[in-house]
Structures are given as C-alpha cells and as structure tokens.
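Asker: Data file final_25.pdb (PDB, C-alpha atoms) is appended below.
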```pdb
ATOM      1  CA  MET A   1       0.000   0.000   0.000
ATOM      2  CA  VAL A   2       1.354   3.379  -0.948
ATOM      3  CA  GLU A   3       1.539   6.420   1.306
ATOM      4  CA  HIS A   4      -1.348   8.783   0.594
ATOM      5  CA  PHE A   5      -0.606  12.481   0.795
ATOM      6  CA  SER A   6      -3.431  14.082  -1.162
ATOM      7  CA  ASN A   7      -4.476  16.256   1.799
ATOM      8  CA  ALA A   8      -1.242  18.232   1.382
ATOM      9  CA  LEU A   9      -1.712  18.963  -2.347
ATOM     10  CA  GLN A  10      -1.137  22.561  -3.494
ATOM     11  CA  VAL A  11      -1.833  24.302  -6.791
ATOM     12  CA  GLY A  12       1.149  23.788  -9.080
ATOM     13  CA  ASP A  13       2.157  20.476  -7.519
ATOM     14  CA  THR A  14       2.977  17.681  -9.919
ATOM     15  CA  LEU A  15       2.294  14.128  -8.809
ATOM     16  CA  PRO A  16       4.879  11.343  -9.120
ATOM     17  CA  GLU A  17       4.793  10.085 -12.710
ATOM     18  CA  PHE A  18       3.829   6.569 -13.727
ATOM     19  CA  LEU A  19       6.092   5.124 -16.423
ATOM     20  CA  ALA A  20       4.430   2.157 -18.077
ATOM     21  CA  PRO A  21       6.503  -0.670 -19.520
ATOM     22  CA  PRO A  22       6.782  -0.613 -23.357
ATOM     23  CA  ILE A  23       3.556  -1.933 -24.899
ATOM     24  CA  THR A  24       3.941  -5.341 -26.525
ATOM     25  CA  ARG A  25       1.430  -7.520 -28.368
ATOM     26  CA  HIS A  26       1.389  -9.618 -25.212
ATOM     27  CA  THR A  27       0.382  -6.529 -23.184
ATOM     28  CA  LEU A  28      -2.560  -6.023 -25.544
ATOM     29  CA  ALA A  29      -3.570  -9.695 -25.424
ATOM     30  CA  LEU A  30      -3.588  -9.637 -21.617
ATOM     31  CA  TYR A  31      -5.552  -6.382 -21.560
ATOM     32  CA  CYS A  32      -8.030  -7.712 -24.141
ATOM     33  CA  GLY A  33      -8.892 -10.643 -21.895
ATOM     34  CA  ALA A  34      -8.788  -8.786 -18.593
ATOM     35  CA  SER A  35     -10.808  -5.776 -19.776
ATOM     36  CA  SER A  36     -13.481  -7.676 -21.730
ATOM     37  CA  ASP A  37     -12.789  -5.248 -24.599
ATOM     38  CA  HIS A  38     -12.599  -7.872 -27.335
ATOM     39  CA  ASN A  39     -12.477  -5.515 -30.319
ATOM     40  CA  PRO A  40     -10.098  -7.442 -32.640
ATOM     41  CA  ILE A  41      -8.490  -4.200 -33.852
ATOM     42  CA  HIS A  42      -6.324  -4.374 -30.696
ATOM     43  CA  VAL A  43      -5.001  -7.912 -31.088
ATOM     44  CA  ASP A  44      -5.591  -9.241 -34.617
ATOM     45  CA  ILE A  45      -3.247  -7.706 -37.219
ATOM     46  CA  ASP A  46      -5.235  -9.219 -40.119
ATOM     47  CA  PHE A  47      -8.390  -7.527 -38.856
ATOM     48  CA  ALA A  48      -6.532  -4.241 -38.279
ATOM     49  CA  ARG A  49      -5.138  -4.252 -41.849
ATOM     50  CA  ALA A  50      -8.561  -5.008 -43.305
ATOM     51  CA  ALA A  51      -9.824  -1.981 -41.348
ATOM     52  CA  GLY A  52      -7.168   0.204 -42.988
ATOM     53  CA  MET A  53      -4.662   0.291 -40.141
ATOM     54  CA  PRO A  54      -1.002  -0.684 -40.647
ATOM     55  CA  ASP A  55      -0.986  -2.642 -37.369
ATOM     56  CA  VAL A  56      -3.029  -3.262 -34.241
ATOM     57  CA  ILE A  57      -3.559  -0.266 -31.956
ATOM     58  CA  ALA A  58      -3.533  -0.212 -28.166
ATOM     59  CA  HIS A  59      -6.740   0.073 -26.191
ATOM     60  CA  GLY A  60      -7.215   3.715 -25.223
ATOM     61  CA  MET A  61      -8.469   2.466 -21.872
ATOM     62  CA  LEU A  62      -5.107   0.800 -21.198
ATOM     63  CA  GLY A  63      -3.541   4.278 -21.200
ATOM     64  CA  MET A  64      -6.381   5.507 -18.980
ATOM     65  CA  ALA A  65      -5.736   2.631 -16.547
ATOM     66  CA  TYR A  66      -2.008   3.512 -16.415
ATOM     67  CA  LEU A  67      -2.869   7.179 -15.867
ATOM     68  CA  GLY A  68      -5.200   6.184 -13.035
ATOM     69  CA  HIS A  69      -2.203   4.762 -11.148
ATOM     70  CA  VAL A  70      -0.891   8.340 -10.783
ATOM     71  CA  LEU A  71      -4.103   9.247  -8.956
ATOM     72  CA  SER A  72      -4.440   6.116  -6.821
ATOM     73  CA  ALA A  73      -0.817   6.479  -5.695
ATOM     74  CA  VAL A  74      -1.688   9.682  -3.847
ATOM     75  CA  THR A  75      -5.281   9.199  -2.796
ATOM     76  CA  PRO A  76      -7.487   6.376  -1.523
ATOM     77  CA  VAL A  77      -9.992   5.214  -4.119
ATOM     78  CA  GLN A  78     -13.014   6.546  -2.212
ATOM     79  CA  ALA A  79     -11.672  10.120  -2.439
ATOM     80  CA  LEU A  80     -11.679  10.167  -6.245
ATOM     81  CA  ARG A  81     -14.676  12.263  -7.345
ATOM     82  CA  SER A  82     -14.255  12.305 -11.114
ATOM     83  CA  TYR A  83     -11.807  11.166 -13.777
ATOM     84  CA  GLY A  84     -12.115  11.827 -17.505
ATOM     85  CA  VAL A  85      -9.930  11.715 -20.597
ATOM     86  CA  ARG A  86      -9.955  12.528 -24.278
ATOM     87  CA  PHE A  87      -8.101  10.061 -26.496
ATOM     88  CA  VAL A  88      -6.010  12.440 -28.598
ATOM     89  CA  ALA A  89      -3.849  10.043 -30.613
ATOM     90  CA  VAL A  90      -3.588   6.320 -31.161
ATOM     91  CA  THR A  91      -1.050   4.346 -29.097
ATOM     92  CA  HIS A  92       1.070   1.790 -30.976
ATOM     93  CA  VAL A  93       2.946  -1.403 -30.148
ATOM     94  CA  GLY A  94       6.371  -0.404 -28.793
ATOM     95  CA  ASP A  95       5.204   2.859 -27.244
ATOM     96  CA  SER A  96       6.297   3.646 -23.677
ATOM     97  CA  LEU A  97       3.666   5.758 -21.979
ATOM     98  CA  ARG A  98       4.519   8.420 -19.416
ATOM     99  CA  CYS A  99       1.585   9.476 -17.215
ATOM    100  CA  THR A 100       1.607  12.841 -15.470
ATOM    101  CA  ALA A 101      -0.722  14.979 -13.345
ATOM    102  CA  GLU A 102      -0.652  18.548 -12.062
ATOM    103  CA  VAL A 103      -2.837  20.251  -9.464
ATOM    104  CA  VAL A 104      -4.522  23.265 -11.103
ATOM    105  CA  GLY A 105      -7.133  24.212  -8.527
ATOM    106  CA  LEU A 106      -8.351  23.789  -4.968
ATOM    107  CA  GLU A 107     -11.994  24.559  -4.206
ATOM    108  CA  GLU A 108     -14.750  23.968  -1.689
ATOM    109  CA  ARG A 109     -17.655  21.948  -2.993
ATOM    110  CA  GLU A 110     -20.592  20.408  -1.131
ATOM    111  CA  GLY A 111     -18.791  20.709   2.169
ATOM    112  CA  GLU A 112     -15.468  19.270   1.110
ATOM    113  CA  ARG A 113     -12.173  20.518  -0.325
ATOM    114  CA  VAL A 114     -11.564  19.257  -3.834
ATOM    115  CA  ALA A 115      -8.301  19.340  -5.793
ATOM    116  CA  ARG A 116      -8.638  19.683  -9.571
ATOM    117  CA  LEU A 117      -5.890  18.103 -11.650
ATOM    118  CA  THR A 118      -4.986  18.115 -15.328
ATOM    119  CA  LEU A 119      -3.639  14.852 -16.666
ATOM    120  CA  CYS A 120      -1.510  13.856 -19.634
ATOM    121  CA  VAL A 121      -0.177  10.690 -21.203
ATOM    122  CA  MET A 122       2.726  11.007 -23.653
ATOM    123  CA  ASP A 123       4.770   8.469 -25.559
ATOM    124  CA  GLN A 124       8.570   8.179 -25.669
ATOM    125  CA  HIS A 125       8.729  10.936 -28.339
ATOM    126  CA  GLY A 126       6.641  13.370 -26.300
ATOM    127  CA  GLN A 127       3.555  12.907 -28.484
ATOM    128  CA  VAL A 128       0.393  13.443 -26.444
ATOM    129  CA  LYS A 129      -1.902  10.396 -26.406
ATOM    130  CA  LEU A 130      -4.448  11.229 -23.697
ATOM    131  CA  LEU A 131      -5.477  14.490 -22.048
ATOM    132  CA  GLY A 132      -7.681  14.488 -19.013
ATOM    133  CA  GLU A 133      -8.816  15.904 -15.735
ATOM    134  CA  ALA A 134      -9.651  14.536 -12.306
ATOM    135  CA  GLU A 135     -11.089  15.751  -9.034
ATOM    136  CA  ILE A 136      -9.930  14.426  -5.667
ATOM    137  CA  ALA A 137     -11.629  15.121  -2.329
ATOM    138  CA  LEU A 138      -8.981  16.130   0.159
ATOM    139  CA  ARG A 139     -11.117  15.238   3.166
ATOM    140  CA  PRO A 140     -13.148  12.233   2.077
ATOM    141  CA  SER A 141     -16.731  12.361   3.280
ATOM    142  CA  ILE A 142     -17.238   8.712   2.407
ATOM    143  CA  THR A 143     -15.176   6.121   4.222
ATOM    144  CA  ALA A 144     -14.925   2.484   3.364
TER     145      ALA A 144
ATOM    146  CA  MET B   1     -25.736   8.303 -40.988
ATOM    147  CA  ILE B   2     -26.731   6.961 -37.599
ATOM    148  CA  ASP B   3     -30.444   7.341 -36.895
ATOM    149  CA  ARG B   4     -30.732  10.358 -34.579
ATOM    150  CA  SER B   5     -34.097   9.115 -33.269
ATOM    151  CA  PHE B   6     -32.141   6.837 -30.909
ATOM    152  CA  ILE B   7     -31.059   9.854 -28.850
ATOM    153  CA  GLY B   8     -32.505   9.198 -25.398
ATOM    154  CA  HIS B   9     -32.945   5.464 -26.067
ATOM    155  CA  ALA B  10     -32.340   3.249 -23.012
ATOM    156  CA  LEU B  11     -30.293   0.122 -23.692
ATOM    157  CA  PRO B  12     -31.064  -3.054 -21.724
ATOM    158  CA  SER B  13     -29.931  -2.831 -18.095
ATOM    159  CA  PHE B  14     -27.978  -5.664 -16.514
ATOM    160  CA  ILE B  15     -26.138  -6.776 -13.374
ATOM    161  CA  VAL B  16     -22.416  -7.643 -13.151
ATOM    162  CA  THR B  17     -20.542  -8.711 -10.012
ATOM    163  CA  PRO B  18     -16.785  -7.977  -9.972
ATOM    164  CA  ASP B  19     -14.798 -10.963  -8.672
ATOM    165  CA  HIS B  20     -11.248 -11.547  -7.441
ATOM    166  CA  ARG B  21     -10.158 -13.435 -10.529
ATOM    167  CA  GLY B  22     -11.193 -10.560 -12.772
ATOM    168  CA  LEU B  23      -9.590  -7.961 -10.526
ATOM    169  CA  ARG B  24      -6.309  -9.922 -10.400
ATOM    170  CA  ALA B  25      -6.259 -10.257 -14.199
ATOM    171  CA  PHE B  26      -6.965  -6.541 -14.618
ATOM    172  CA  ALA B  27      -4.257  -5.583 -12.105
ATOM    173  CA  ARG B  28      -1.730  -7.720 -13.992
ATOM    174  CA  ALA B  29      -2.810  -6.421 -17.409
ATOM    175  CA  SER B  30      -2.622  -2.765 -16.317
ATOM    176  CA  ALA B  31       0.680  -3.057 -14.358
ATOM    177  CA  GLN B  32      -1.163  -1.996 -11.195
ATOM    178  CA  PRO B  33       1.466  -1.382  -8.510
ATOM    179  CA  ASP B  34      -0.979  -1.299  -5.557
ATOM    180  CA  LEU B  35      -1.951  -4.723  -4.172
ATOM    181  CA  VAL B  36      -5.060  -3.283  -2.528
ATOM    182  CA  TYR B  37      -6.878  -3.770  -5.879
ATOM    183  CA  SER B  38      -6.033  -7.457  -6.268
ATOM    184  CA  ASN B  39      -5.307  -8.980  -2.839
ATOM    185  CA  PRO B  40      -8.286  -9.078  -0.423
ATOM    186  CA  GLU B  41      -6.000  -9.433   2.613
ATOM    187  CA  VAL B  42      -4.152  -6.249   1.695
ATOM    188  CA  ALA B  43      -7.507  -4.558   1.051
ATOM    189  CA  ARG B  44      -8.838  -5.532   4.493
ATOM    190  CA  ALA B  45      -5.583  -4.463   6.159
ATOM    191  CA  ASN B  46      -6.249  -1.040   4.641
ATOM    192  CA  GLY B  47      -9.765  -0.819   6.061
ATOM    193  CA  PHE B  48     -11.732  -1.922   2.994
ATOM    194  CA  PRO B  49     -14.389  -4.668   3.159
ATOM    195  CA  ASP B  50     -12.767  -6.313   0.094
ATOM    196  CA  CYS B  51     -10.729  -5.298  -2.969
ATOM    197  CA  PRO B  52     -12.015  -1.988  -4.325
ATOM    198  CA  VAL B  53     -12.878  -1.738  -8.018
ATOM    199  CA  PRO B  54     -10.101   0.371  -9.601
ATOM    200  CA  PRO B  55     -11.124   3.672 -11.235
ATOM    201  CA  THR B  56     -11.447   2.546 -14.869
ATOM    202  CA  TYR B  57     -12.583  -1.047 -14.279
ATOM    203  CA  LEU B  58     -16.268  -0.053 -14.259
ATOM    204  CA  PHE B  59     -15.881   0.442 -18.024
ATOM    205  CA  CYS B  60     -14.676  -3.170 -18.304
ATOM    206  CA  LEU B  61     -17.520  -4.459 -16.145
ATOM    207  CA  GLU B  62     -19.932  -2.691 -18.475
ATOM    208  CA  MET B  63     -18.569  -4.864 -21.305
ATOM    209  CA  GLU B  64     -19.086  -8.001 -19.223
ATOM    210  CA  GLY B  65     -22.844  -7.533 -19.548
ATOM    211  CA  PRO B  66     -24.892 -10.105 -21.469
ATOM    212  CA  ASP B  67     -24.659  -8.209 -24.782
ATOM    213  CA  PRO B  68     -21.757  -5.756 -25.119
ATOM    214  CA  THR B  69     -22.636  -5.358 -28.811
ATOM    215  CA  ALA B  70     -26.177  -4.075 -28.061
ATOM    216  CA  MET B  71     -25.463  -0.443 -28.911
ATOM    217  CA  ARG B  72     -23.476  -1.195 -32.073
ATOM    218  CA  ARG B  73     -26.190  -3.525 -33.366
ATOM    219  CA  LEU B  74     -28.996  -1.108 -32.520
ATOM    220  CA  LEU B  75     -27.226   1.743 -34.341
ATOM    221  CA  ASN B  76     -25.796  -0.493 -37.092
ATOM    222  CA  ILE B  77     -22.174   0.472 -36.356
ATOM    223  CA  ASP B  78     -19.293  -1.604 -37.795
ATOM    224  CA  ILE B  79     -16.786  -2.435 -35.033
ATOM    225  CA  ALA B  80     -13.885  -1.967 -37.498
ATOM    226  CA  ARG B  81     -14.822   1.734 -37.792
ATOM    227  CA  VAL B  82     -15.060   2.677 -34.134
ATOM    228  CA  LEU B  83     -12.556   4.582 -32.033
ATOM    229  CA  HIS B  84     -12.830   5.550 -28.394
ATOM    230  CA  GLY B  85     -13.128   9.339 -28.307
ATOM    231  CA  GLU B  86     -13.635  10.210 -24.664
ATOM    232  CA  GLN B  87     -14.327   8.471 -21.373
ATOM    233  CA  HIS B  88     -15.489  10.098 -18.162
ATOM    234  CA  PHE B  89     -16.323   8.729 -14.719
ATOM    235  CA  THR B  90     -18.113  10.503 -11.891
ATOM    236  CA  TYR B  91     -17.697   8.544  -8.665
ATOM    237  CA  HIS B  92     -20.381   8.573  -5.960
ATOM    238  CA  ALA B  93     -19.284   5.661  -3.735
ATOM    239  CA  PRO B  94     -16.602   2.996  -4.077
ATOM    240  CA  ALA B  95     -17.537  -0.505  -5.285
ATOM    241  CA  PHE B  96     -15.940  -3.710  -4.017
ATOM    242  CA  ALA B  97     -15.388  -7.277  -5.192
ATOM    243  CA  GLY B  98     -18.454  -9.437  -4.641
ATOM    244  CA  GLU B  99     -21.006  -6.620  -4.849
ATOM    245  CA  ALA B 100     -23.677  -6.926  -7.536
ATOM    246  CA  LEU B 101     -23.607  -3.775  -9.668
ATOM    247  CA  HIS B 102     -26.570  -2.636 -11.769
ATOM    248  CA  PHE B 103     -25.729  -0.959 -15.087
ATOM    249  CA  GLU B 104     -28.293   1.283 -16.805
ATOM    250  CA  PRO B 105     -27.006   2.622 -20.166
ATOM    251  CA  VAL B 106     -28.732   5.356 -22.171
ATOM    252  CA  ILE B 107     -27.797   6.878 -25.539
ATOM    253  CA  LEU B 108     -27.361  10.511 -24.557
ATOM    254  CA  ASP B 109     -26.416  12.095 -27.893
ATOM    255  CA  ILE B 110     -25.529  11.394 -31.520
ATOM    256  CA  TYR B 111     -23.837  14.054 -33.662
ATOM    257  CA  ASP B 112     -21.373  14.394 -36.516
ATOM    258  CA  LYS B 113     -18.425  16.519 -37.597
ATOM    259  CA  LYS B 114     -16.709  17.111 -40.938
ATOM    260  CA  ASN B 115     -19.981  16.725 -42.909
ATOM    261  CA  GLY B 116     -20.625  13.292 -41.476
ATOM    262  CA  ALA B 117     -17.103  11.884 -41.994
ATOM    263  CA  LEU B 118     -16.986  11.397 -38.233
ATOM    264  CA  GLU B 119     -20.009  10.541 -36.140
ATOM    265  CA  PHE B 120     -20.119  10.563 -32.348
ATOM    266  CA  VAL B 121     -22.307   8.532 -30.026
ATOM    267  CA  VAL B 122     -22.407   9.537 -26.376
ATOM    268  CA  ARG B 123     -23.594   6.848 -23.968
ATOM    269  CA  GLN B 124     -24.224   7.483 -20.287
ATOM    270  CA  THR B 125     -24.363   4.555 -17.885
ATOM    271  CA  LEU B 126     -25.566   4.805 -14.299
ATOM    272  CA  VAL B 127     -24.132   2.212 -11.914
ATOM    273  CA  TRP B 128     -26.009   1.319  -8.729
ATOM    274  CA  ARG B 129     -25.604  -1.137  -5.903
ATOM    275  CA  SER B 130     -28.496  -3.432  -5.020
ATOM    276  CA  ASP B 131     -29.460  -1.098  -2.155
ATOM    277  CA  ARG B 132     -29.865   1.631  -4.835
ATOM    278  CA  GLU B 133     -26.847   3.556  -3.609
ATOM    279  CA  ARG B 134     -25.245   5.261  -6.597
ATOM    280  CA  VAL B 135     -21.734   4.036  -7.398
ATOM    281  CA  ALA B 136     -20.767   5.965 -10.534
ATOM    282  CA  THR B 137     -21.895   7.641 -13.727
ATOM    283  CA  LEU B 138     -19.960   6.679 -16.854
ATOM    284  CA  ARG B 139     -19.948   8.788 -20.004
ATOM    285  CA  ASN B 140     -18.502   7.202 -23.136
ATOM    286  CA  THR B 141     -17.973   8.864 -26.507
ATOM    287  CA  THR B 142     -17.617   6.436 -29.412
ATOM    288  CA  VAL B 143     -16.294   7.840 -32.704
ATOM    289  CA  VAL B 144     -17.373   6.220 -35.970
ATOM    290  CA  ARG B 145     -15.148   6.750 -39.022
ATOM    291  CA  ASN B 146     -17.302   6.976 -42.142
ATOM    292  CA  GLY B 147     -14.473   8.037 -44.467
TER     293      GLY B 147
END
```
If you convert what's in this file into structure tokens, what do you get?
Answerer:
Amino acid sequence: MVEHFSNALQVGDTLPEFLAPPITRHTLALYCGASSDHNPIHVDIDFARAAGMPDVIAHGMLGMAYLGHVLSAVTPVQALRSYGVRFVAVTHVGDSLRCTAEVVGLEEREGERVARLTLCVMDQHGQVKLLGEAEIALRPSITA
Amino acid sequence: MIDRSFIGHALPSFIVTPDHRGLRAFARASAQPDLVYSNPEVARANGFPDCPVPPTYLFCLEMEGPDPTAMRRLLNIDIARVLHGEQHFTYHAPAFAGEALHFEPVILDIYDKKNGALEFVVRQTLVWRSDRERVATLRNTTVVRNG
C-alpha cells in the first residue's frame, strides 16, 4: 500500500509520474482478456489491416488505466470524485507511456475541499496520447 | 448516418458482479502497482471490506454484460470503424469485489463533424448497488469513421 498524501496537495504540484513498460502484443492480449474489450483491432493484425490500419492499436483504456495509477498512488480510491480523458492520438505497439498529473485548482464543494488536476499521457517521443482531468476530495466524506 | 431518433434510447440494463479473478487479471494487465486492488488481505488491512474496483474497471464491467454489442447492433455500427473518443467517470461511492452492480445505459447524444465523416455517439451509464446507492456515472464517446 502506498503512502497517501493528497491532503497536502497545493496548486502547481505535480504528482509522481507513472512510467508504463513498453507496450507489446502480449500486453494487448492480456488487456483484451482482462478488460473484456474484445475488439479485434487491438489484437488481430489481419483484422486491423482489413480496417485500414497498418498494425493493431492499443486500447485507449489501457492508457487511462495507467494514468489512473498516478491518482491512486496519492489518494485512496473513495476520495476520487471524477476522472475523464480525451483520447487524442492512437497508441502503438512499442510505445512507452509516461503518465503525469498537475494540481490546477483547490476549491470547496458540497462541504469538502476538492483538488482539480490536469492529466496527460505522452509516448517516448513526447507525443500526447491522452489528455484528461480529475477531481480528488482532500477530506473524504465517504469512508470504506 | 446513424439514426438520430435513438437519442434518449435506453439500452437493456444488466447486473455484473466484480470478482477476485477478474480484478487480479486486470491488475496484472494494467501493471497496477498497488496490491489493494487485487489482494483481499491487503484490502482488508487497509480498512476496505474487500478489494475496491479500480477507477477505470467499471468500463470493463460494463462490457461483461450479457450483450456488449447491443449499442453497435442497434445503431448499425461496424466495429472496425469505431474509435474511443472520450471516457469520463463521476464517482459517488466505491464498489468492491463481490457486490452486484446494476448498469443502466442510455444513448445521450448522436452528432457528426466534418460533414458526417466522423459521427459521435455519447452513452451514459448509471451504476447502482443493489441497495440503490449510486456508485458511478460513466460517459462514453464512441467515434465512428465513415471516411
């Protein structure tokens, strides 16, 4: 279990990055089974080519899962209020994803302090793959 | 063009129960560093009743329903032409392994850009526990390439 320190977050803080291992076809096969996202475009190169792609493409949600590790490393799951992303570019086999988050706001809402964060996933060349935002309650009103 | 009359259409609701096997597989597949999401003993040691469902896994559970192709078939969308555009979660209460979760999906919007070359389907799914406590609201944007 990681040490949670979300209550000390300040505007401008960046969270510890999550560096995902390079994506292999095996990564995509495991994620296909574990996620129940069985779209063959992620694992079947014949299907991908017939669909006009040069190769299979990674599940966007795999990048979103990696990015979520940045949040869950600093806050217990019950303090996460919202988490959203836009899939900006396709992720390919061989890409190494770097997941980052920055605190951009602190506000009071419905009786609790909430930190707003902007999120980004980039590949090894710095190309942006996912952009997102999340809200974390700094004093969770719901306990497990 | 996708029939816009399906805006507001409710898709069949269903119940899915996250289990330890699924959570372990997802933790391995997503390189999850925190054992709280896959090991019930670690979860309990951290004050949880069981392993919590990780933030994006609700999307996966939605695809474990009896017919994950329901929306594509209803709207006549070819799976080879879809891309995931956006995904958003609003969390109301954490969910844990072993809890039956009720999924209620609705087609919230259908629109196009670039003179129909790209179409967008927005689906919102409410997730409840059996005691009707809200767990989360999912909002999914599917992009269909017509080019």
Asker: Name the residues in contact with Cys51 in chain B at a cut-off of 6 Å, using all atoms listed in the file, excluding same-chain residues fewer than 2 positions from it; report them as a PDB file with C-alpha atoms, in the frame of the given file.
Answerer:
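Okay, around.pdb is ready:
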```pdb
ATOM      1  CA  TYR B  37      -6.878  -3.770  -5.879  1.00  0.00           C
ATOM      2  CA  PRO B  40      -8.286  -9.078  -0.423  1.00  0.00           C
ATOM      3  CA  ALA B  43      -7.507  -4.558   1.051  1.00  0.00           C
ATOM      4  CA  PHE B  96     -15.940  -3.710  -4.017  1.00  0.00           C
ATOM      5  CA  ALA B  97     -15.388  -7.277  -5.192  1.00  0.00           C
TER       6      ALA B  97
END
```
Asker: Tell me which residues the PyMOL selection byres ((chain A) within 6 of (chain B)) grabs here, as a CSV table (one decimal) with C-alpha atoms, in the frame of the given file.
Answerer:
```
chain,number,residue,atom,x,y,z
A,1,MET,CA,0.0,0.0,0.0
A,30,LEU,CA,-3.6,-9.6,-21.6
A,31,TYR,CA,-5.6,-6.4,-21.6
A,34,ALA,CA,-8.8,-8.8,-18.6
A,35,SER,CA,-10.8,-5.8,-19.8
A,36,SER,CA,-13.5,-7.7,-21.7
A,51,ALA,CA,-9.8,-2.0,-41.3
A,65,ALA,CA,-5.7,2.6,-16.5
A,78,GLN,CA,-13.0,6.5,-2.2
A,81,ARG,CA,-14.7,12.3,-7.3
A,82,SER,CA,-14.3,12.3,-11.1
A,83,TYR,CA,-11.8,11.2,-13.8
A,84,GLY,CA,-12.1,11.8,-17.5
A,85,VAL,CA,-9.9,11.7,-20.6
A,86,ARG,CA,-10.0,12.5,-24.3
A,87,PHE,CA,-8.1,10.1,-26.5
A,144,ALA,CA,-14.9,2.5,3.4
```
Asker: Here's the selection I'm unsure about, the PyMOL selection byres ((chain A and resi 92-95) around 8); applied to the file above, which residues does it give, as a PyMOL selection string?
Answerer: chain A and resi 22-25+56-58+90-91+96-97+123-124
Asker: Taking all atoms listed in the file into account, name the residue in B:Ile15, B:Leu101, B:Ile2, B:Leu75 that is nearest to Arg129 in chain B.
Answerer: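 Result for the nearest residue to Arg129 in chain B: B:Leu101.
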Asker: What separation in Å, quoted to one decimal, exists between CA of Leu130 in chain A and CA of Val104 in chain A?
Answerer: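 The value is 17.4 Å.
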Asker: Run the PyMOL selection byres ((chain A and resi 74) around 12) against the file shown and list the residues it catches, as number ranges by chain.
Answerer: A: 1-9, 14-18, 68-73, 75-80, 101, 115, 136-138; B: 34
Asker: Just the number, please: distance in Å from CA of Ile110 in chain B to CA of Met71 in chain B, one decimal.
Answerer: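 For CA of Ile110 in chain B relative to CA of Met71 in chain B, the distance reads 12.1 Å.
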Asker: Would you mind telling me which residue in B:His20, B:Arg73, B:Arg44, B:Arg145 lies nearest to Gly116 in chain B when using all atoms listed in the file?
Answerer: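 Result for the nearest residue to Gly116 in chain B: B:Arg145.
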Asker: Between CA of Val144 in chain B and CA of Met53 in chain A, what is the spacing in Å?
Answerer: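 Rounded to one decimal, the two atoms are 14.6 Å apart.
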Asker: Taking all atoms of range 124-130 of chain B that appear in the file, build a box with edges along x, y and z, extend it by 6 Å on every side, and state its centre and edge lengths in Å to one decimal, as JSON.
Answerer:
```
{"center_x": -26.3, "center_y": 2.0, "center_z": -12.7, "size_x": 16.4, "size_y": 22.9, "size_z": 27.3}
```
Asker: Could you rebuild range 118-135 of chain B with N, CA and C atoms and give it back as a short mmCIF file (atom, residue, chain, number, x, y, z; two decimals), in the frame of the given file?
Answerer:
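For reference, out-v1.cif as written:
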```
data_model
loop_
_atom_site.label_atom_id
_atom_site.label_comp_id
_atom_site.auth_asym_id
_atom_site.auth_seq_id
_atom_site.Cartn_x
_atom_site.Cartn_y
_atom_site.Cartn_z
N LEU B 118 -17.11 11.95 -39.58
CA LEU B 118 -16.99 11.40 -38.23
C LEU B 118 -18.32 11.56 -37.53
N GLU B 119 -18.80 10.46 -36.95
CA GLU B 119 -20.01 10.54 -36.14
C GLU B 119 -19.65 10.18 -34.70
N PHE B 120 -20.40 10.73 -33.78
CA PHE B 120 -20.12 10.56 -32.35
C PHE B 120 -21.37 10.07 -31.64
N VAL B 121 -21.20 9.04 -30.84
CA VAL B 121 -22.31 8.53 -30.03
C VAL B 121 -21.89 8.65 -28.56
N VAL B 122 -22.69 9.36 -27.80
CA VAL B 122 -22.41 9.54 -26.38
C VAL B 122 -23.37 8.64 -25.58
N ARG B 123 -22.79 7.75 -24.79
CA ARG B 123 -23.59 6.85 -23.97
C ARG B 123 -23.32 7.15 -22.50
N GLN B 124 -24.39 7.29 -21.73
CA GLN B 124 -24.22 7.48 -20.29
C GLN B 124 -24.74 6.25 -19.57
N THR B 125 -23.97 5.76 -18.62
CA THR B 125 -24.36 4.56 -17.89
C THR B 125 -24.35 4.84 -16.39
N LEU B 126 -25.49 4.67 -15.76
CA LEU B 126 -25.57 4.80 -14.30
C LEU B 126 -25.28 3.45 -13.68
N VAL B 127 -24.47 3.46 -12.62
CA VAL B 127 -24.13 2.21 -11.91
C VAL B 127 -24.62 2.34 -10.47
N TRP B 128 -25.42 1.34 -10.07
CA TRP B 128 -26.01 1.32 -8.73
C TRP B 128 -25.63 0.03 -8.03
N ARG B 129 -25.64 0.10 -6.68
CA ARG B 129 -25.60 -1.14 -5.90
C ARG B 129 -27.03 -1.62 -5.70
N SER B 130 -27.16 -2.85 -5.20
CA SER B 130 -28.50 -3.43 -5.02
C SER B 130 -29.34 -2.63 -4.04
N ASP B 131 -28.69 -1.92 -3.11
CA ASP B 131 -29.46 -1.10 -2.15
C ASP B 131 -29.80 0.27 -2.76
N ARG B 132 -29.58 0.41 -4.06
CA ARG B 132 -29.86 1.63 -4.84
C ARG B 132 -28.91 2.77 -4.51
N GLU B 133 -27.83 2.50 -3.78
CA GLU B 133 -26.85 3.56 -3.61
C GLU B 133 -26.11 3.73 -4.93
N ARG B 134 -25.95 4.99 -5.34
CA ARG B 134 -25.24 5.26 -6.60
C ARG B 134 -23.76 4.98 -6.43
N VAL B 135 -23.17 4.32 -7.40
CA VAL B 135 -21.73 4.04 -7.40
C VAL B 135 -21.00 5.00 -8.33
#
```
